[in-house]
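Participant: Before anything else, here's the structure in question.
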Amino acid sequence: MSTETETGTETRTGSRTRTGAGTGDDLRTPPPRSATDPRPDPILALLARVTPFLLWQSARRKRREPRPVDRSLRLVVTEVRQEAEDVVSLRFTAADGSPLPGWHPGSHLDLDLPSGRRRQYSLCGDPADRTTYRIAVRRLAHGDGGSREIHETLTPGTELRAHGPRNAFAYAPGGACLFIAGGIGITPILPMVRAAAAAGADWRLVYTGRSRATLPFLDEIDAIGAMAGASGRVTVRTDDTDGIPTPEQLLSGAGRGTSVYFCGPPPLITAVRDAFPTTGAGGLHFERFAAAPVVDGTPFELQLGPDGPVLPVPADRSALSVLAEQRPETGYSCRQGFCGTCRLPVLAGEVAHAGSPTARRTDTNMLICVSRAASEGGRITLDV
Amino acid sequence: MTATEPDNLVLTPRDVQWDWTGLPMHYIDGDPFTTHFANVLNILLPEGEDWFITVFQQAVPMIKDDRLREDVIGFIGQEATHSASHQTVLTHFRKVGFDTSPYTDQLRWFFSKMLGDRELTGKKAQGWIIDRIAIIAAIEHVTAYLGDWILNAEAIDRTDHNPEILDLYRWHGAEEVEHRAVAYDLFTHLDGRYRNRVRAHVVAFPVLVYWWVRGLRYLMAADPERIAGRDKPRFRDWFRASRKGVLPSPKSLVRLYFGYLRPGYHPSQYGSTTQAVAYLAASPAARAAHR
Ligand code: FES
Ligand SMILES: [Fe+2]
Ligand SMILES: [Fe+2]
């Protein structure tokens, strides 16, 4: 607490969760007028006099409980279709037949699978069709089981709960576009291509994958490519005949100012991002990685205050997820160690710091989303 | 255009990095007034946005709408990276002998003491959180306006300017446009009464203007490279800069003030998500951010 009031903005060391429990005393003594005039600042002193009135008003105001909002959707599978080797598409309608929420290209749906897993899939149907959602899923033999569950258990008539649609890969129409899709990465791109073609925009699509047999929606893409004015806009290149594409090849259609939309396997996205600045293209749109699950973690303990309860943190969970379960007011946002909003002061215990040092401000704080105890079974006492 | 404007955006912070070595003192148009008008953002926002975060974090458990909660959590991260990014400019200023701490100390006192948590508990604490969310919603009306303004301020591109700091302002502006409805929607969820919304705005706006003017005067006087005769803000400098298109005009701020009073107001009616999304794809800092 006291560190928060130290002068000099670079020395900000406090954790946000504990700031600002101003006492009457602090209020009566505003900071000095200026560096050379130590008298309390008159305007701030005046404002300090108004505050009790604001608080008094605030306490008198009538409050109401927020109305709970349930935005989840009940969907039913209407069709499962083989689109390519290991790829099926699924169509859903609302279980009660009502119109579905609208969406824009790039949006995804969060599906609650019967096993309890929640997975995100891009919508690859027609945004104008308010009765049907379509997704496509590639079966990943070595994935975490979500795609296998969909392939093996979802059949027409299956009911599911879903959330969304939400958009983490928005399409911003205007100007020339180069769409690059790697394999199943075609799903968010397909509605964008359709929108661009319908708007008569200047667009190109590069669609790449192992072989033609593994690429879904080639027929639909051919149909778009065969539309008036679309000839030569689509390039399908497969590793078996054209070799593994270099990022330069993928980006070769990007002229000055072109907007590039990329969706594909993570190694390819890194390569495309690295090569992008040399193209002179206008912008690069891609979906950012979400927080990765904890791997190679070791279990440790979290104590909430010197005399507080001790919570075990298992190897596969973060301190943040354990603490937030116990204390819903725990702050966080990025869960990747750079935003600093989960920063908490440490009272005791040795921390293996991870994440950005600037975000944690000092080594007496800890970014609980990514940092763990230095040793297996160690205990960290947080000032919460 | 509205038909194709993307919505329901997932809000996430971006891990941007900045390096200010070689930043000229008067980095827009070589003009102290214009530059310090913009610099107020750098001294005002680290404290102000930290305060947003403190308040919003406490509101999270009160939210009974999953989507809004996700939005608020994304908003918190974005504001945190804004605050930290503007802070890097202050760190640079300090290195080159430009001390801003007298102002930021005052400001910190204002946010953390006057507008802090005040040792309230229970219903009173919750009410005070909601009142402060109303203030934040009113301020976000201004930041969204400024964000939209800077994204469209092509006149700046034609002046002699530092492109990296312009990217800082435009990246921030684009995220302000991107999340412009979150504070308003949160206020609507928790309270939503017109009277409470407008009351907060009517008070917050002039106080914000006051802190702006105060910051501008401070910066112009403390500027280590100040030019004699041009070390005080003057109205005519503002008129000149806004005519040139390198600052928003006084008139547009008056319009902004009254715009929030409209009963049918919603932040989505102002600014363009499409433009913000396009800028975030083009921004060198946002593009370089791997997360
Ligand atoms: S949540 Fe962003 S640093 Fe931990
Ligand atoms: Fe911001
Ligand atoms: Fe904001």
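Identifiers in this document derive from the order of the structure tokens: chains are assigned A, B, ..., residues are numbered from 1 separately in each chain, and ligands are numbered from 1 in order of occurrence.
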At a cut-off of 8 Å and counting only C-alpha atoms and all ligand atoms, what residues surround ligand 1? Please answer as number ranges by chain.

Facilitator: A: 320, 331-343, 355-356, 359-360, 367-370; B: 77

Participant: Taking only C-alpha atoms and all ligand atoms into account, report as a list in words which residues have an atom no farther than 8 Å from an atom of ligand 2.

Facilitator: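 Using only C-alpha atoms and all ligand atoms, everything at most 8 Å from ligand 2 comes to Leu45, Glu49, Gln78, Glu79, Ala80, His82, Ser83, Thr143, His172, Gly173, Glu175 and Glu176 of chain B.
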
Participant: Store the residues picked out above in a file with N, CA, C and O atoms, as a PDB file, in the first residue's frame.

Facilitator:
ATOM      1  N   LEU B  45      -2.986   9.231 -18.717  1.00  0.00           N
ATOM      2  CA  LEU B  45      -3.548   7.896 -18.872  1.00  0.00           C
ATOM      3  C   LEU B  45      -2.934   6.822 -17.974  1.00  0.00           C
ATOM      4  O   LEU B  45      -3.668   5.951 -17.512  1.00  0.00           O
ATOM      5  N   GLU B  49      -5.996   5.146 -16.371  1.00  0.00           N
ATOM      6  CA  GLU B  49      -6.391   3.811 -16.807  1.00  0.00           C
ATOM      7  C   GLU B  49      -6.143   2.770 -15.711  1.00  0.00           C
ATOM      8  O   GLU B  49      -6.866   1.796 -15.600  1.00  0.00           O
ATOM      9  N   GLN B  78      -6.681  -4.492 -22.083  1.00  0.00           N
ATOM     10  CA  GLN B  78      -6.334  -3.447 -23.047  1.00  0.00           C
ATOM     11  C   GLN B  78      -5.954  -2.159 -22.327  1.00  0.00           C
ATOM     12  O   GLN B  78      -4.942  -1.533 -22.648  1.00  0.00           O
ATOM     13  N   GLU B  79      -6.746  -1.774 -21.334  1.00  0.00           N
ATOM     14  CA  GLU B  79      -6.427  -0.543 -20.608  1.00  0.00           C
ATOM     15  C   GLU B  79      -5.089  -0.676 -19.875  1.00  0.00           C
ATOM     16  O   GLU B  79      -4.333   0.283 -19.751  1.00  0.00           O
ATOM     17  N   ALA B  80      -4.790  -1.891 -19.394  1.00  0.00           N
ATOM     18  CA  ALA B  80      -3.521  -2.089 -18.687  1.00  0.00           C
ATOM     19  C   ALA B  80      -2.349  -1.901 -19.636  1.00  0.00           C
ATOM     20  O   ALA B  80      -1.345  -1.270 -19.282  1.00  0.00           O
ATOM     21  N   HIS B  82      -2.453  -0.089 -22.346  1.00  0.00           N
ATOM     22  CA  HIS B  82      -2.408   1.345 -22.676  1.00  0.00           C
ATOM     23  C   HIS B  82      -1.621   2.090 -21.600  1.00  0.00           C
ATOM     24  O   HIS B  82      -0.723   2.876 -21.890  1.00  0.00           O
ATOM     25  N   SER B  83      -2.020   1.846 -20.354  1.00  0.00           N
ATOM     26  CA  SER B  83      -1.381   2.535 -19.243  1.00  0.00           C
ATOM     27  C   SER B  83       0.125   2.294 -19.265  1.00  0.00           C
ATOM     28  O   SER B  83       0.924   3.230 -19.178  1.00  0.00           O
ATOM     29  N   THR B 143     -12.715   9.048 -24.908  1.00  0.00           N
ATOM     30  CA  THR B 143     -11.568   8.325 -25.481  1.00  0.00           C
ATOM     31  C   THR B 143     -11.946   7.697 -26.827  1.00  0.00           C
ATOM     32  O   THR B 143     -11.123   7.643 -27.737  1.00  0.00           O
ATOM     33  N   HIS B 172      -3.622   2.850 -29.683  1.00  0.00           N
ATOM     34  CA  HIS B 172      -4.488   3.065 -28.525  1.00  0.00           C
ATOM     35  C   HIS B 172      -5.880   3.504 -28.993  1.00  0.00           C
ATOM     36  O   HIS B 172      -6.893   2.962 -28.554  1.00  0.00           O
ATOM     37  N   GLY B 173      -5.908   4.443 -29.919  1.00  0.00           N
ATOM     38  CA  GLY B 173      -7.182   4.929 -30.426  1.00  0.00           C
ATOM     39  C   GLY B 173      -8.008   3.815 -31.034  1.00  0.00           C
ATOM     40  O   GLY B 173      -9.223   3.726 -30.811  1.00  0.00           O
ATOM     41  N   GLU B 175      -7.909   0.624 -30.313  1.00  0.00           N
ATOM     42  CA  GLU B 175      -8.460  -0.239 -29.263  1.00  0.00           C
ATOM     43  C   GLU B 175      -9.573   0.474 -28.499  1.00  0.00           C
ATOM     44  O   GLU B 175     -10.529  -0.162 -28.036  1.00  0.00           O
ATOM     45  N   GLU B 176      -9.470   1.799 -28.383  1.00  0.00           N
ATOM     46  CA  GLU B 176     -10.563   2.535 -27.746  1.00  0.00           C
ATOM     47  C   GLU B 176     -11.841   2.411 -28.572  1.00  0.00           C
ATOM     48  O   GLU B 176     -12.931   2.243 -28.035  1.00  0.00           O
TER      49      GLU B 176
END

Participant: Can you tell me which residues come within 12 Å of ligand 3 when counting only C-alpha atoms and all ligand atoms, ideally as a PyMOL selection string?

Facilitator: chain B and resi 11+13+45-46+48-53+56+71-72+74-83+136-147+171-184+267

Participant: Okay, now the selection with N, CA and C atoms, as a short mmCIF file (atom, residue, chain, number, x, y, z; two decimals), in the first residue's frame?

Facilitator:
data_model
loop_
_atom_site.label_atom_id
_atom_site.label_comp_id
_atom_site.auth_asym_id
_atom_site.auth_seq_id
_atom_site.Cartn_x
_atom_site.Cartn_y
_atom_site.Cartn_z
N LEU B 11 -12.38 -9.16 -27.35
CA LEU B 11 -11.39 -8.13 -27.00
C LEU B 11 -10.22 -8.79 -26.29
N PRO B 13 -5.98 -7.97 -25.05
CA PRO B 13 -4.84 -7.06 -25.04
C PRO B 13 -3.79 -7.55 -26.02
N LEU B 45 -2.99 9.23 -18.72
CA LEU B 45 -3.55 7.90 -18.87
C LEU B 45 -2.93 6.82 -17.97
N PRO B 46 -1.62 6.84 -17.71
CA PRO B 46 -1.12 5.76 -16.85
C PRO B 46 -1.89 5.72 -15.52
N GLY B 48 -4.89 7.30 -14.89
CA GLY B 48 -6.34 7.19 -15.14
C GLY B 48 -6.75 5.78 -15.49
N GLU B 49 -6.00 5.15 -16.37
CA GLU B 49 -6.39 3.81 -16.81
C GLU B 49 -6.14 2.77 -15.71
N ASP B 50 -5.11 3.01 -14.89
CA ASP B 50 -4.92 2.13 -13.74
C ASP B 50 -6.13 2.17 -12.82
N TRP B 51 -6.68 3.36 -12.71
CA TRP B 51 -7.87 3.53 -11.87
C TRP B 51 -9.07 2.81 -12.49
N PHE B 52 -9.22 2.92 -13.81
CA PHE B 52 -10.27 2.17 -14.51
C PHE B 52 -10.19 0.69 -14.12
N ILE B 53 -8.96 0.18 -14.18
CA ILE B 53 -8.76 -1.25 -13.96
C ILE B 53 -9.15 -1.64 -12.54
N PHE B 56 -12.91 -1.64 -12.42
CA PHE B 56 -13.52 -2.69 -13.23
C PHE B 56 -13.29 -4.07 -12.63
N ASP B 71 -16.04 -9.38 -22.09
CA ASP B 71 -15.70 -8.07 -22.64
C ASP B 71 -14.95 -7.23 -21.60
N VAL B 72 -15.44 -7.26 -20.38
CA VAL B 72 -14.84 -6.45 -19.33
C VAL B 72 -13.42 -6.94 -19.05
N GLY B 74 -11.41 -8.44 -21.16
CA GLY B 74 -10.58 -7.99 -22.29
C GLY B 74 -10.28 -6.50 -22.20
N PHE B 75 -11.29 -5.74 -21.84
CA PHE B 75 -11.16 -4.29 -21.66
C PHE B 75 -10.07 -3.98 -20.63
N ILE B 76 -10.11 -4.70 -19.51
CA ILE B 76 -9.14 -4.48 -18.44
C ILE B 76 -7.72 -4.68 -18.96
N GLY B 77 -7.50 -5.75 -19.73
CA GLY B 77 -6.17 -6.00 -20.27
C GLY B 77 -5.74 -4.94 -21.26
N GLN B 78 -6.68 -4.49 -22.08
CA GLN B 78 -6.33 -3.45 -23.05
C GLN B 78 -5.95 -2.16 -22.33
N GLU B 79 -6.75 -1.77 -21.33
CA GLU B 79 -6.43 -0.54 -20.61
C GLU B 79 -5.09 -0.68 -19.87
N ALA B 80 -4.79 -1.89 -19.39
CA ALA B 80 -3.52 -2.09 -18.69
C ALA B 80 -2.35 -1.90 -19.64
N THR B 81 -2.47 -2.41 -20.86
CA THR B 81 -1.37 -2.22 -21.80
C THR B 81 -1.30 -0.77 -22.29
N HIS B 82 -2.45 -0.09 -22.35
CA HIS B 82 -2.41 1.34 -22.68
C HIS B 82 -1.62 2.09 -21.60
N SER B 83 -2.02 1.85 -20.35
CA SER B 83 -1.38 2.53 -19.24
C SER B 83 0.12 2.29 -19.26
N ILE B 136 -16.50 6.29 -15.62
CA ILE B 136 -15.63 5.69 -16.64
C ILE B 136 -16.35 5.62 -17.98
N ALA B 137 -17.63 5.27 -17.95
CA ALA B 137 -18.40 5.21 -19.20
C ALA B 137 -18.39 6.58 -19.87
N ALA B 138 -18.52 7.63 -19.07
CA ALA B 138 -18.51 8.99 -19.63
C ALA B 138 -17.14 9.32 -20.21
N ILE B 139 -16.09 8.89 -19.54
CA ILE B 139 -14.74 9.17 -20.05
C ILE B 139 -14.47 8.35 -21.32
N GLU B 140 -14.99 7.13 -21.36
CA GLU B 140 -14.80 6.30 -22.55
C GLU B 140 -15.50 6.90 -23.78
N HIS B 141 -16.53 7.69 -23.52
CA HIS B 141 -17.16 8.42 -24.62
C HIS B 141 -16.14 9.36 -25.25
N VAL B 142 -15.34 9.98 -24.41
CA VAL B 142 -14.31 10.90 -24.89
C VAL B 142 -13.16 10.13 -25.55
N THR B 143 -12.72 9.05 -24.91
CA THR B 143 -11.57 8.33 -25.48
C THR B 143 -11.95 7.70 -26.83
N ALA B 144 -13.19 7.23 -26.95
CA ALA B 144 -13.61 6.67 -28.23
C ALA B 144 -13.63 7.76 -29.30
N TYR B 145 -14.09 8.95 -28.90
CA TYR B 145 -14.08 10.06 -29.85
C TYR B 145 -12.65 10.38 -30.29
N LEU B 146 -11.77 10.47 -29.31
CA LEU B 146 -10.38 10.81 -29.64
C LEU B 146 -9.74 9.71 -30.48
N GLY B 147 -10.08 8.46 -30.17
CA GLY B 147 -9.56 7.33 -30.94
C GLY B 147 -9.99 7.43 -32.39
N TRP B 171 -2.72 3.11 -32.32
CA TRP B 171 -2.99 1.78 -31.77
C TRP B 171 -3.94 1.91 -30.59
N HIS B 172 -3.62 2.85 -29.68
CA HIS B 172 -4.49 3.07 -28.52
C HIS B 172 -5.88 3.50 -28.99
N GLY B 173 -5.91 4.44 -29.92
CA GLY B 173 -7.18 4.93 -30.43
C GLY B 173 -8.01 3.82 -31.03
N ALA B 174 -7.36 2.94 -31.78
CA ALA B 174 -8.09 1.84 -32.43
C ALA B 174 -8.67 0.90 -31.37
N GLU B 175 -7.91 0.62 -30.31
CA GLU B 175 -8.46 -0.24 -29.26
C GLU B 175 -9.57 0.47 -28.50
N GLU B 176 -9.47 1.80 -28.38
CA GLU B 176 -10.56 2.53 -27.75
C GLU B 176 -11.84 2.41 -28.57
N VAL B 177 -11.69 2.49 -29.89
CA VAL B 177 -12.86 2.33 -30.76
C VAL B 177 -13.37 0.89 -30.66
N GLU B 178 -12.42 -0.05 -30.65
CA GLU B 178 -12.79 -1.46 -30.58
C GLU B 178 -13.61 -1.75 -29.31
N HIS B 179 -13.20 -1.19 -28.17
CA HIS B 179 -13.91 -1.52 -26.93
C HIS B 179 -14.82 -0.39 -26.45
N ARG B 180 -15.23 0.47 -27.38
CA ARG B 180 -15.91 1.69 -26.96
C ARG B 180 -17.22 1.45 -26.23
N ALA B 181 -17.86 0.30 -26.43
CA ALA B 181 -19.16 0.08 -25.81
C ALA B 181 -19.07 -0.62 -24.45
N VAL B 182 -17.90 -1.10 -24.06
CA VAL B 182 -17.83 -1.98 -22.89
C VAL B 182 -18.23 -1.28 -21.60
N ALA B 183 -17.64 -0.10 -21.35
CA ALA B 183 -17.95 0.59 -20.09
C ALA B 183 -19.43 0.99 -20.07
N TYR B 184 -19.92 1.44 -21.21
CA TYR B 184 -21.33 1.83 -21.29
C TYR B 184 -22.23 0.62 -21.04
N PRO B 267 -22.62 3.96 -27.64
CA PRO B 267 -21.29 4.20 -28.22
C PRO B 267 -21.12 3.63 -29.62
#

Participant: List the neighbours of Trp212 (chain B) out to 9 Å using only C-alpha atoms; skip same-chain residues closer than 2 positions along the sequence, and give me the result as a list in words.

Facilitator: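 In the requested format, the answer is Phe37, Val40, Leu41, Leu44, Val207, Leu208, Val209, Tyr210, Arg214, Gly215, Leu216 and Arg217 of chain B.
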
Participant: Kindly give the distance, in Å, that separates CA of Ala291 (chain A) and CA of Asp185 (chain B), rounded to a single decimal.

Facilitator: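 Value for the CA of Ala291 (chain A)-CA of Asp185 (chain B) distance: 25.7 Å.
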
Participant: Return as a ChimeraX atom specification the full set of residues in region 21-257 of chain B whose backbone-based DSSP assignment is alpha helix (DSSP H).

Facilitator: /B:32-59,66-95,101-109,122-152,154-158,163-178,182-190,194-222,235-244,250-257

Participant: Within 7 Å of chain A, which residues of chain B show up when using only C-alpha atoms, listed as a compact mmCIF listing (two decimals) with N, CA and C atoms, in the first residue's frame?

Facilitator:
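Now in selection05.txt:
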# COMPACT_ATOMS: atom_id res chain seq x y z
N PRO B 6 -18.25 -5.29 -38.53
CA PRO B 6 -18.17 -6.47 -37.67
C PRO B 6 -18.59 -6.15 -36.24
N ASN B 8 -19.59 -8.08 -32.07
CA ASN B 8 -19.27 -9.16 -31.13
C ASN B 8 -17.79 -9.52 -31.12
N LEU B 9 -16.96 -8.50 -31.24
CA LEU B 9 -15.52 -8.74 -31.26
C LEU B 9 -15.02 -9.32 -29.94
N VAL B 10 -14.13 -10.28 -30.03
CA VAL B 10 -13.42 -10.75 -28.85
C VAL B 10 -12.35 -9.71 -28.55
N THR B 12 -9.02 -8.55 -26.82
CA THR B 12 -7.84 -9.07 -26.14
C THR B 12 -6.76 -8.00 -26.13
N PRO B 13 -5.98 -7.97 -25.05
CA PRO B 13 -4.84 -7.06 -25.04
C PRO B 13 -3.79 -7.55 -26.02
N ASP B 15 0.39 -7.53 -26.89
CA ASP B 15 1.67 -7.39 -26.19
C ASP B 15 2.61 -6.48 -26.97
N THR B 54 -8.71 -0.82 -11.58
CA THR B 54 -9.04 -1.09 -10.18
C THR B 54 -10.55 -1.20 -10.00
N GLN B 57 -12.09 -4.28 -12.09
CA GLN B 57 -11.83 -5.59 -11.51
C GLN B 57 -12.81 -5.90 -10.39
N GLN B 58 -13.15 -4.85 -9.64
CA GLN B 58 -14.08 -5.08 -8.54
C GLN B 58 -15.50 -5.31 -9.04
N VAL B 60 -16.23 -7.06 -11.73
CA VAL B 60 -16.36 -8.35 -12.42
C VAL B 60 -17.27 -9.33 -11.67
N PRO B 61 -17.10 -9.50 -10.34
CA PRO B 61 -17.98 -10.47 -9.67
C PRO B 61 -19.45 -10.05 -9.65
N LYS B 64 -23.66 -10.40 -14.29
CA LYS B 64 -24.44 -11.62 -14.46
C LYS B 64 -24.72 -11.87 -15.94
N ASP B 65 -23.71 -11.70 -16.75
CA ASP B 65 -23.84 -11.88 -18.19
C ASP B 65 -22.46 -12.32 -18.68
N ILE B 73 -13.22 -8.25 -19.05
CA ILE B 73 -11.88 -8.79 -18.81
C ILE B 73 -10.93 -8.40 -19.93
N GLY B 74 -11.41 -8.44 -21.16
CA GLY B 74 -10.58 -7.99 -22.29
C GLY B 74 -10.28 -6.50 -22.20
N ILE B 76 -10.11 -4.70 -19.51
CA ILE B 76 -9.14 -4.48 -18.44
C ILE B 76 -7.72 -4.68 -18.96
N GLY B 77 -7.50 -5.75 -19.73
CA GLY B 77 -6.17 -6.00 -20.27
C GLY B 77 -5.74 -4.94 -21.26
N ALA B 80 -4.79 -1.89 -19.39
CA ALA B 80 -3.52 -2.09 -18.69
C ALA B 80 -2.35 -1.90 -19.64
N THR B 81 -2.47 -2.41 -20.86
CA THR B 81 -1.37 -2.22 -21.80
C THR B 81 -1.30 -0.77 -22.29
N THR B 91 8.89 7.38 -18.87
CA THR B 91 10.22 6.89 -18.49
C THR B 91 11.27 7.51 -19.41
N SER B 101 6.74 14.07 -12.71
CA SER B 101 6.16 13.50 -11.50
C SER B 101 5.36 14.48 -10.63
N PRO B 102 5.66 15.80 -10.60
CA PRO B 102 4.78 16.65 -9.79
C PRO B 102 3.32 16.54 -10.24
N ASP B 105 1.96 12.88 -9.55
CA ASP B 105 1.70 12.66 -8.12
C ASP B 105 0.34 13.23 -7.73
N GLN B 106 0.06 14.42 -8.23
CA GLN B 106 -1.24 15.03 -7.94
C GLN B 106 -2.36 14.17 -8.49
N TRP B 109 -2.93 11.04 -6.53
CA TRP B 109 -3.68 11.34 -5.30
C TRP B 109 -5.18 11.44 -5.63
N SER B 112 -6.43 7.76 -6.62
CA SER B 112 -6.39 6.68 -5.64
C SER B 112 -6.98 7.09 -4.30
N LYS B 113 -6.98 8.37 -4.00
CA LYS B 113 -7.56 8.80 -2.73
C LYS B 113 -8.99 9.30 -2.92
N MET B 114 -9.12 10.36 -3.72
CA MET B 114 -10.46 10.91 -3.89
C MET B 114 -11.42 9.91 -4.52
N GLY B 116 -10.78 6.69 -4.91
CA GLY B 116 -10.40 5.34 -4.52
C GLY B 116 -11.54 4.61 -3.83
N ASP B 117 -11.19 3.51 -3.18
CA ASP B 117 -12.24 2.65 -2.62
C ASP B 117 -12.85 3.17 -1.32
N ARG B 118 -12.12 4.03 -0.61
CA ARG B 118 -12.67 4.73 0.54
C ARG B 118 -13.14 3.84 1.67
N GLU B 119 -12.56 2.70 1.83
CA GLU B 119 -12.87 1.83 2.96
C GLU B 119 -14.36 1.60 3.17
N LYS B 124 -22.72 -0.20 0.18
CA LYS B 124 -22.14 1.12 -0.09
C LYS B 124 -20.94 1.01 -1.02
N GLY B 127 -22.22 0.35 -4.49
CA GLY B 127 -22.79 1.56 -5.06
C GLY B 127 -21.69 2.51 -5.55
N TRP B 128 -20.66 2.63 -4.77
CA TRP B 128 -19.55 3.52 -5.13
C TRP B 128 -18.82 2.98 -6.36
N ASP B 131 -21.11 3.98 -9.28
CA ASP B 131 -20.98 5.41 -9.59
C ASP B 131 -19.70 5.70 -10.35
N HIS B 189 -25.77 -2.59 -17.59
CA HIS B 189 -26.07 -3.85 -16.92
C HIS B 189 -26.27 -3.65 -15.42
N LEU B 190 -25.42 -2.80 -14.82
CA LEU B 190 -25.43 -2.66 -13.37
C LEU B 190 -26.39 -1.58 -12.88
N ASP B 191 -26.70 -0.64 -13.74
CA ASP B 191 -27.60 0.45 -13.32
C ASP B 191 -28.44 0.88 -14.51
N THR B 274 -14.73 -1.31 -38.27
CA THR B 274 -13.99 -1.74 -39.44
C THR B 274 -12.66 -1.01 -39.54
N VAL B 277 -10.29 -2.18 -36.75
CA VAL B 277 -9.75 -3.50 -37.06
C VAL B 277 -8.66 -3.38 -38.14
N ALA B 278 -8.93 -2.56 -39.14
CA ALA B 278 -7.95 -2.38 -40.22
C ALA B 278 -6.68 -1.74 -39.67
N ALA B 281 -4.50 -4.16 -37.78
CA ALA B 281 -3.76 -5.10 -38.64
C ALA B 281 -2.57 -4.40 -39.28
N ALA B 282 -2.64 -3.08 -39.39
CA ALA B 282 -1.57 -2.34 -40.06
C ALA B 282 -0.55 -1.76 -39.09
N ARG B 291 1.52 -11.84 -29.07
CA ARG B 291 0.39 -12.34 -28.32
C ARG B 291 -0.73 -11.33 -28.39

Participant: Between CA of Val295 (chain A) and CA of Arg372 (chain A), what distance in Å does the model show, to one decimal?

Facilitator: 12.0 Å

Participant: Between B:Arg240, B:Arg108, B:Arg234, B:Arg132, single out the one closest to Val213 (chain B), counting only C-alpha atoms.

Facilitator: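 Of the candidates, the smallest distance to Val213 (chain B) is held by B:Arg234.
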
Participant: Tell me, as a ChimeraX atom specification, which residues lie within 7 Å of region 201-209 of chain A, counting only C-alpha atoms; anything in the same chain fewer than 6 positions away does not count.

Facilitator: /A:175-183,215,233-239,250

Participant: Give the strand (DSSP E or B) residues of region 54-261 of chain A, as assigned by DSSP on the backbone, as a ChimeraX atom specification.

Facilitator: /A:69,73-84,87-94,107-112,118-122,133-138,159-167,177-182,203-209,234-238,259-261

Participant: For Arg74 (chain A), list every protein, DNA or RNA residue within 10 Å, evaluated using only C-alpha atoms, and leave out those in the same chain fewer than 6 positions away; present the list as a list of chain:residue names.

Facilitator: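 Non-adjacent residues within range: A:Phe92, A:Thr93, A:Ala94, A:Ala95, A:Asp96, A:Gly97, A:Leu100, A:Glu159, A:Leu160, A:Arg161, A:Ala162, A:His163.
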
Participant: Using only C-alpha atoms, which residues sit within 9 Å of Glu376 (chain A) once same-chain residues fewer than 2 positions away are excluded, as a PyMOL selection string?

Facilitator: chain A and resi 297-300+373-374+378-379

Participant: Kindly give the distance, in Å, that separates CA of Asp219 (chain A) and CA of Ile269 (chain A), rounded to a single decimal.

Facilitator: 25.4 Å

Participant: Which residue is closest to His290 (chain B)? Choose from A:Pro266, A:Arg134, A:Arg39, A:Pro99 and count only C-alpha atoms.

Facilitator: A:Pro266
